[in-house]
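Below is the file structure.cif, which contains mmCIF, C-alpha atoms.
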```cif
data_model
loop_
_atom_site.group_PDB
_atom_site.id
_atom_site.type_symbol
_atom_site.label_atom_id
_atom_site.label_comp_id
_atom_site.auth_asym_id
_atom_site.auth_seq_id
_atom_site.Cartn_x
_atom_site.Cartn_y
_atom_site.Cartn_z
ATOM 1 C CA MET Q 1 -35.013 25.449 11.792
ATOM 2 C CA GLU Q 2 -32.429 23.845 14.073
ATOM 3 C CA TYR Q 3 -31.292 20.280 13.426
ATOM 4 C CA ASP Q 4 -29.704 17.908 15.907
ATOM 5 C CA ILE Q 5 -26.844 16.512 13.833
ATOM 6 C CA ALA Q 6 -25.881 13.962 16.511
ATOM 7 C CA ALA Q 7 -29.455 12.599 16.517
ATOM 8 C CA ILE Q 8 -29.491 12.396 12.714
ATOM 9 C CA VAL Q 9 -26.168 10.532 12.669
ATOM 10 C CA GLU Q 10 -27.502 8.227 15.389
ATOM 11 C CA GLY Q 11 -30.551 7.462 13.225
ATOM 12 C CA TYR Q 12 -28.297 6.361 10.359
ATOM 13 C CA ALA Q 13 -26.090 4.440 12.821
ATOM 14 C CA GLN Q 14 -29.194 2.446 13.844
ATOM 15 C CA GLY Q 15 -29.962 1.545 10.227
ATOM 16 C CA TYR Q 16 -32.603 4.141 9.365
ATOM 17 C CA PHE Q 17 -32.533 6.674 6.541
ATOM 18 C CA LEU Q 18 -34.323 9.942 5.803
ATOM 19 C CA MET Q 19 -36.698 10.381 2.874
ATOM 20 C CA ALA Q 20 -39.290 12.974 1.968
ATOM 21 C CA ASP Q 21 -42.718 11.938 0.682
ATOM 22 C CA GLU Q 22 -44.528 13.540 -2.273
ATOM 23 C CA ARG Q 23 -45.578 16.442 0.003
ATOM 24 C CA ASP Q 24 -41.949 16.999 1.069
ATOM 25 C CA ARG Q 25 -42.617 15.705 4.594
ATOM 26 C CA LEU Q 26 -39.432 14.181 5.972
ATOM 27 C CA SER Q 27 -39.530 10.862 7.840
ATOM 28 C CA TRP Q 28 -37.215 8.110 8.994
ATOM 29 C CA TYR Q 29 -37.488 4.786 7.173
ATOM 30 C CA GLY Q 30 -36.160 1.308 7.783
ATOM 31 C CA SER Q 31 -36.052 -1.692 5.484
ATOM 32 C CA ARG Q 32 -36.359 -5.471 5.825
ATOM 33 C CA ASP Q 33 -33.370 -5.806 3.544
ATOM 34 C CA ARG Q 34 -30.648 -3.518 2.233
ATOM 35 C CA THR Q 35 -28.728 -3.524 -1.016
ATOM 36 C CA PHE Q 36 -24.942 -3.668 -0.844
ATOM 37 C CA ILE Q 37 -22.462 -2.864 -3.580
ATOM 38 C CA PRO Q 38 -19.748 -5.507 -3.108
ATOM 39 C CA LEU Q 39 -16.291 -4.351 -2.052
ATOM 40 C CA ASP Q 40 -14.778 -7.733 -2.993
ATOM 41 C CA GLU Q 41 -14.402 -9.831 -6.158
ATOM 42 C CA ARG Q 42 -18.192 -9.903 -6.633
ATOM 43 C CA PHE Q 43 -18.073 -6.289 -7.827
ATOM 44 C CA ARG Q 44 -18.377 -6.169 -11.607
ATOM 45 C CA TYR Q 45 -19.281 -3.825 -14.423
ATOM 46 C CA PRO Q 46 -19.901 -3.986 -18.187
ATOM 47 C CA LYS Q 47 -16.922 -4.343 -20.546
ATOM 48 C CA SER Q 48 -18.061 -1.174 -22.320
ATOM 49 C CA LEU Q 49 -17.414 0.707 -19.071
ATOM 50 C CA GLN Q 50 -13.850 -0.668 -18.943
ATOM 51 C CA ARG Q 51 -13.217 1.016 -22.304
ATOM 52 C CA VAL Q 52 -14.485 4.329 -20.873
ATOM 53 C CA LEU Q 53 -12.221 3.895 -17.828
ATOM 54 C CA ASN Q 54 -9.241 3.155 -20.092
ATOM 55 C CA GLN Q 55 -9.887 6.375 -22.036
ATOM 56 C CA GLU Q 56 -9.509 8.379 -18.793
ATOM 57 C CA ARG Q 57 -12.094 10.916 -19.983
ATOM 58 C CA PHE Q 58 -13.148 11.674 -16.400
ATOM 59 C CA SER Q 59 -11.251 12.885 -13.379
ATOM 60 C CA VAL Q 60 -12.463 12.096 -9.871
ATOM 61 C CA ALA Q 61 -12.907 14.479 -6.942
ATOM 62 C CA ILE Q 62 -14.408 14.382 -3.456
ATOM 63 C CA ASN Q 63 -16.505 17.353 -2.299
ATOM 64 C CA ARG Q 64 -15.319 19.635 -5.120
ATOM 65 C CA ASP Q 65 -18.938 20.764 -5.547
ATOM 66 C CA PHE Q 66 -21.011 19.033 -2.884
ATOM 67 C CA GLN Q 67 -24.082 21.214 -3.357
ATOM 68 C CA ALA Q 68 -24.149 20.644 -7.130
ATOM 69 C CA VAL Q 69 -24.146 16.872 -6.533
ATOM 70 C CA VAL Q 70 -27.011 17.157 -4.045
ATOM 71 C CA ALA Q 71 -28.917 19.348 -6.518
ATOM 72 C CA GLY Q 72 -28.199 16.869 -9.329
ATOM 73 C CA CYS Q 73 -29.460 13.964 -7.224
ATOM 74 C CA ALA Q 74 -32.626 15.892 -6.330
ATOM 75 C CA ASP Q 75 -33.290 17.002 -9.917
ATOM 76 C CA ARG Q 76 -35.743 14.339 -11.108
ATOM 77 C CA GLU Q 77 -39.474 14.091 -11.662
ATOM 78 C CA THR Q 78 -40.118 12.352 -8.366
ATOM 79 C CA THR Q 79 -37.532 12.829 -5.654
ATOM 80 C CA TRP Q 80 -37.209 11.957 -1.988
ATOM 81 C CA ILE Q 81 -34.594 14.716 -1.598
ATOM 82 C CA SER Q 82 -36.714 17.655 -0.473
ATOM 83 C CA PRO Q 83 -35.310 21.162 0.119
ATOM 84 C CA GLU Q 84 -35.270 20.347 3.846
ATOM 85 C CA LEU Q 85 -33.293 17.152 3.266
ATOM 86 C CA GLN Q 86 -30.857 19.121 1.083
ATOM 87 C CA LYS Q 87 -30.253 21.415 4.088
ATOM 88 C CA ILE Q 88 -29.656 18.380 6.319
ATOM 89 C CA TYR Q 89 -27.149 16.920 3.840
ATOM 90 C CA TRP Q 90 -25.351 20.295 3.840
ATOM 91 C CA LEU Q 91 -25.149 20.251 7.652
ATOM 92 C CA LEU Q 92 -23.927 16.639 7.596
ATOM 93 C CA TYR Q 93 -21.298 17.701 5.052
ATOM 94 C CA GLN Q 94 -20.208 20.638 7.231
ATOM 95 C CA ASN Q 95 -19.853 18.223 10.155
ATOM 96 C CA GLY Q 96 -17.784 15.690 8.198
ATOM 97 C CA TYR Q 97 -20.431 12.989 7.632
ATOM 98 C CA ALA Q 98 -21.777 13.614 4.116
ATOM 99 C CA PHE Q 99 -19.645 13.419 0.984
ATOM 100 C CA SER Q 100 -19.980 13.821 -2.742
ATOM 101 C CA PHE Q 101 -17.851 11.490 -4.846
ATOM 102 C CA GLU Q 102 -17.689 13.189 -8.222
ATOM 103 C CA THR Q 103 -16.587 12.681 -11.807
ATOM 104 C CA TRP Q 104 -15.549 15.658 -13.896
ATOM 105 C CA GLN Q 105 -14.892 16.139 -17.589
ATOM 106 C CA GLY Q 106 -12.619 19.156 -17.637
ATOM 107 C CA ASP Q 107 -14.470 21.811 -15.618
ATOM 108 C CA GLU Q 108 -17.875 20.186 -16.125
ATOM 109 C CA LEU Q 109 -19.453 18.038 -13.406
ATOM 110 C CA ALA Q 110 -20.184 14.723 -15.164
ATOM 111 C CA GLY Q 111 -21.872 12.852 -12.324
ATOM 112 C CA GLY Q 112 -21.638 11.901 -8.715
ATOM 113 C CA ILE Q 113 -22.649 9.830 -5.746
ATOM 114 C CA LEU Q 114 -23.964 11.371 -2.530
ATOM 115 C CA GLY Q 115 -23.251 9.397 0.618
ATOM 116 C CA ILE Q 116 -22.892 9.432 4.368
ATOM 117 C CA VAL Q 117 -19.866 7.957 6.142
ATOM 118 C CA ILE Q 118 -20.316 6.544 9.622
ATOM 119 C CA GLY Q 119 -17.494 4.417 11.016
ATOM 120 C CA GLY Q 120 -16.618 1.897 8.299
ATOM 121 C CA ALA Q 121 -19.878 2.272 6.376
ATOM 122 C CA PHE Q 122 -20.511 4.268 3.232
ATOM 123 C CA ILE Q 123 -24.271 4.793 2.973
ATOM 124 C CA GLY Q 124 -25.096 5.797 -0.580
ATOM 125 C CA GLU Q 125 -28.027 8.181 -0.648
ATOM 126 C CA SER Q 126 -28.322 8.875 -4.365
ATOM 127 C CA MET Q 127 -26.426 9.219 -7.636
ATOM 128 C CA PHE Q 128 -26.858 11.154 -10.866
ATOM 129 C CA TYR Q 129 -25.103 11.986 -14.111
ATOM 130 C CA ARG Q 130 -25.048 14.864 -16.567
ATOM 131 C CA ILE Q 131 -22.620 13.244 -19.006
ATOM 132 C CA PRO Q 132 -23.226 9.600 -20.033
ATOM 133 C CA GLU Q 133 -21.146 7.139 -17.972
ATOM 134 C CA GLY Q 134 -20.373 9.860 -15.374
ATOM 135 C CA SER Q 135 -22.113 8.112 -12.475
ATOM 136 C CA LYS Q 136 -20.913 4.639 -13.539
ATOM 137 C CA VAL Q 137 -17.286 5.759 -13.525
ATOM 138 C CA ALA Q 138 -17.928 7.359 -10.122
ATOM 139 C CA MET Q 139 -19.243 3.998 -8.870
ATOM 140 C CA VAL Q 140 -16.136 2.082 -10.003
ATOM 141 C CA LYS Q 141 -13.747 4.688 -8.608
ATOM 142 C CA LEU Q 142 -15.672 4.934 -5.326
ATOM 143 C CA VAL Q 143 -15.530 1.156 -4.827
ATOM 144 C CA GLU Q 144 -11.746 1.286 -5.429
ATOM 145 C CA ARG Q 145 -11.477 4.070 -2.837
ATOM 146 C CA LEU Q 146 -13.619 2.252 -0.252
ATOM 147 C CA ARG Q 147 -11.473 -0.882 -0.686
ATOM 148 C CA GLN Q 148 -8.244 1.098 -0.246
ATOM 149 C CA ARG Q 149 -9.608 2.772 2.864
ATOM 150 C CA LYS Q 150 -10.801 -0.581 4.360
ATOM 151 C CA PHE Q 151 -14.511 0.240 4.548
ATOM 152 C CA VAL Q 152 -16.727 -2.611 5.792
ATOM 153 C CA PHE Q 153 -19.586 -2.026 3.372
ATOM 154 C CA PHE Q 154 -21.178 0.199 0.729
ATOM 155 C CA ASP Q 155 -24.905 0.381 1.477
ATOM 156 C CA ALA Q 156 -26.895 1.392 -1.620
ATOM 157 C CA GLN Q 157 -30.167 1.023 0.322
ATOM 158 C CA MET Q 158 -32.559 -0.206 -2.401
ATOM 159 C CA MET Q 159 -32.026 -2.607 -5.309
ATOM 160 C CA ASN Q 160 -32.599 -1.566 -8.901
ATOM 161 C CA PRO Q 161 -31.538 -3.026 -12.278
ATOM 162 C CA HIS Q 162 -28.727 -0.463 -12.612
ATOM 163 C CA LEU Q 163 -27.115 -1.568 -9.330
ATOM 164 C CA GLU Q 164 -27.550 -5.267 -10.174
ATOM 165 C CA ARG Q 165 -25.173 -4.768 -13.105
ATOM 166 C CA PHE Q 166 -22.450 -3.957 -10.556
ATOM 167 C CA GLY Q 167 -23.057 -7.170 -8.611
ATOM 168 C CA ALA Q 168 -25.269 -5.574 -5.950
ATOM 169 C CA TYR Q 169 -26.836 -8.043 -3.534
ATOM 170 C CA ARG Q 170 -29.395 -7.977 -0.731
ATOM 171 C CA VAL Q 171 -28.649 -8.290 2.968
ATOM 172 C CA GLU Q 172 -31.405 -9.169 5.446
ATOM 173 C CA ASP Q 173 -31.959 -6.671 8.260
ATOM 174 C CA GLU Q 174 -30.566 -8.963 10.984
ATOM 175 C CA GLU Q 175 -27.248 -9.343 9.136
ATOM 176 C CA TYR Q 176 -27.267 -5.640 8.287
ATOM 177 C CA GLN Q 177 -27.618 -4.681 11.966
ATOM 178 C CA THR Q 178 -24.715 -7.002 12.898
ATOM 179 C CA LEU Q 179 -22.485 -5.491 10.199
ATOM 180 C CA LEU Q 180 -23.553 -1.997 11.184
ATOM 181 C CA LYS Q 181 -22.392 -2.619 14.773
ATOM 182 C CA GLN Q 182 -19.007 -3.770 13.400
ATOM 183 C CA THR Q 183 -18.636 -0.665 11.250
ATOM 184 C CA LEU Q 184 -19.252 1.605 14.220
ATOM 185 C CA GLN Q 185 -16.079 0.186 15.827
ATOM 186 C CA ARG Q 186 -14.033 1.467 12.867
ATOM 187 C CA ARG Q 187 -12.840 4.881 11.791
ATOM 188 C CA CYS Q 188 -12.577 4.925 8.000
ATOM 189 C CA PHE Q 189 -11.882 8.095 6.066
ATOM 190 C CA LEU Q 190 -12.982 8.768 2.515
ATOM 191 C CA VAL Q 191 -10.667 11.773 2.169
#
```
Final structure tokens representation of the file:
Amino acid sequence: MEYDIAAIVEGYAQGYFLMADERDRLSWYGSRDRTFIPLDERFRYPKSLQRVLNQERFSVAINRDFQAVVAGCADRETTWISPELQKIYWLLYQNGYAFSFETWQGDELAGGILGIVIGGAFIGESMFYRIPEGSKVAMVKLVERLRQRKFVFFDAQMMNPHLERFGAYRVEDEEYQTLLKQTLQRRCFLV
């Protein structure tokens, strides 16, 4: 099946995201509000995680094993990442839009965050871990990277208790669309 990468990127640039339903049918979705991970002083994390960071048990990499991160994100009882969506992420990766931000413990993939970069926006699609704290360390290191690279926002799409611990907050759709237009004027690079 052929995919129109430009049309897919345009969908994300308009504030939509792809998800598969329980029958693996892929559709575009929008949301009345989005969840942002703060890139300013509102970002926080548990003190126990600071100890893990200080131990430097994990190294960080970008796109060292993109497909393993996608597979890890899809490997759960109920997933919106269908085989078709995995193919689309691979094509977005090959075209410079999709990235895996990874933590490694030696040669073992510890965890990672899958995201799409458009302009100055990092749109987080999913995260997973194989080694405890792997995805949390990835989150902290990714926020540091997005700050350094002057990204406008880190869109985590939907709120959950895990993200709240990092200071995640909701943005109404009207504000999201305004910020999205600003990000499209920027060229930020994760790598």
Out of Q:Gly112, Q:Pro38, Q:Pro132, Q:Ala61, which residue has the shortest atom-to-atom distance to Phe151 of chain Q when counting only C-alpha atoms? Q:Pro38
On this structure, the PyMOL selection byres ((chain Q and resi 44-50) around 12) would catch which residues? List them as a VMD selection string, sorted by chain and number. chain Q and resid 37 to 43 51 to 57 132 to 141 143 to 144 162 to 169
Pick from Q:Ser82, Q:Gln105, Q:Asn160, Q:Gln148: nearest to Phe36 of chain Q, with only C-alpha atoms counted? Q:Asn160
Using atom CA of Val69 of chain Q and atom CA of Asp173 of chain Q as the two end points, give the distance in Å to one decimal.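 Separation between atom CA of Val69 of chain Q and atom CA of Asp173 of chain Q: 28.9 Å.
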Set the distance at 9 Å and use only C-alpha atoms: which residues neighbour segment 92-102 of chain Q once local chain neighbours fewer than 6 positions away are removed? I'd like the list as a PyMOL selection string. chain Q and resi 5+8-9+59-67+69-70+109-118+134-135+138-139+141-142+190
Distance of atom CA of Asp107 of chain Q from atom CA of Glu77 of chain Q, expressed in Å to one decimal place: 26.5 Å
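Candidate residues Q:Val191, Q:Thr35, Q:Glu84, Q:Tyr129 were compared for distance to Phe154 of chain Q, and the nearest is Q:Thr35, using all atoms listed in the file.
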Find the distance between atom CA of Arg34 of chain Q and atom CA of Asp4 of chain Q and write it in Å to one decimal.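 These atoms are spaced 25.4 Å apart.
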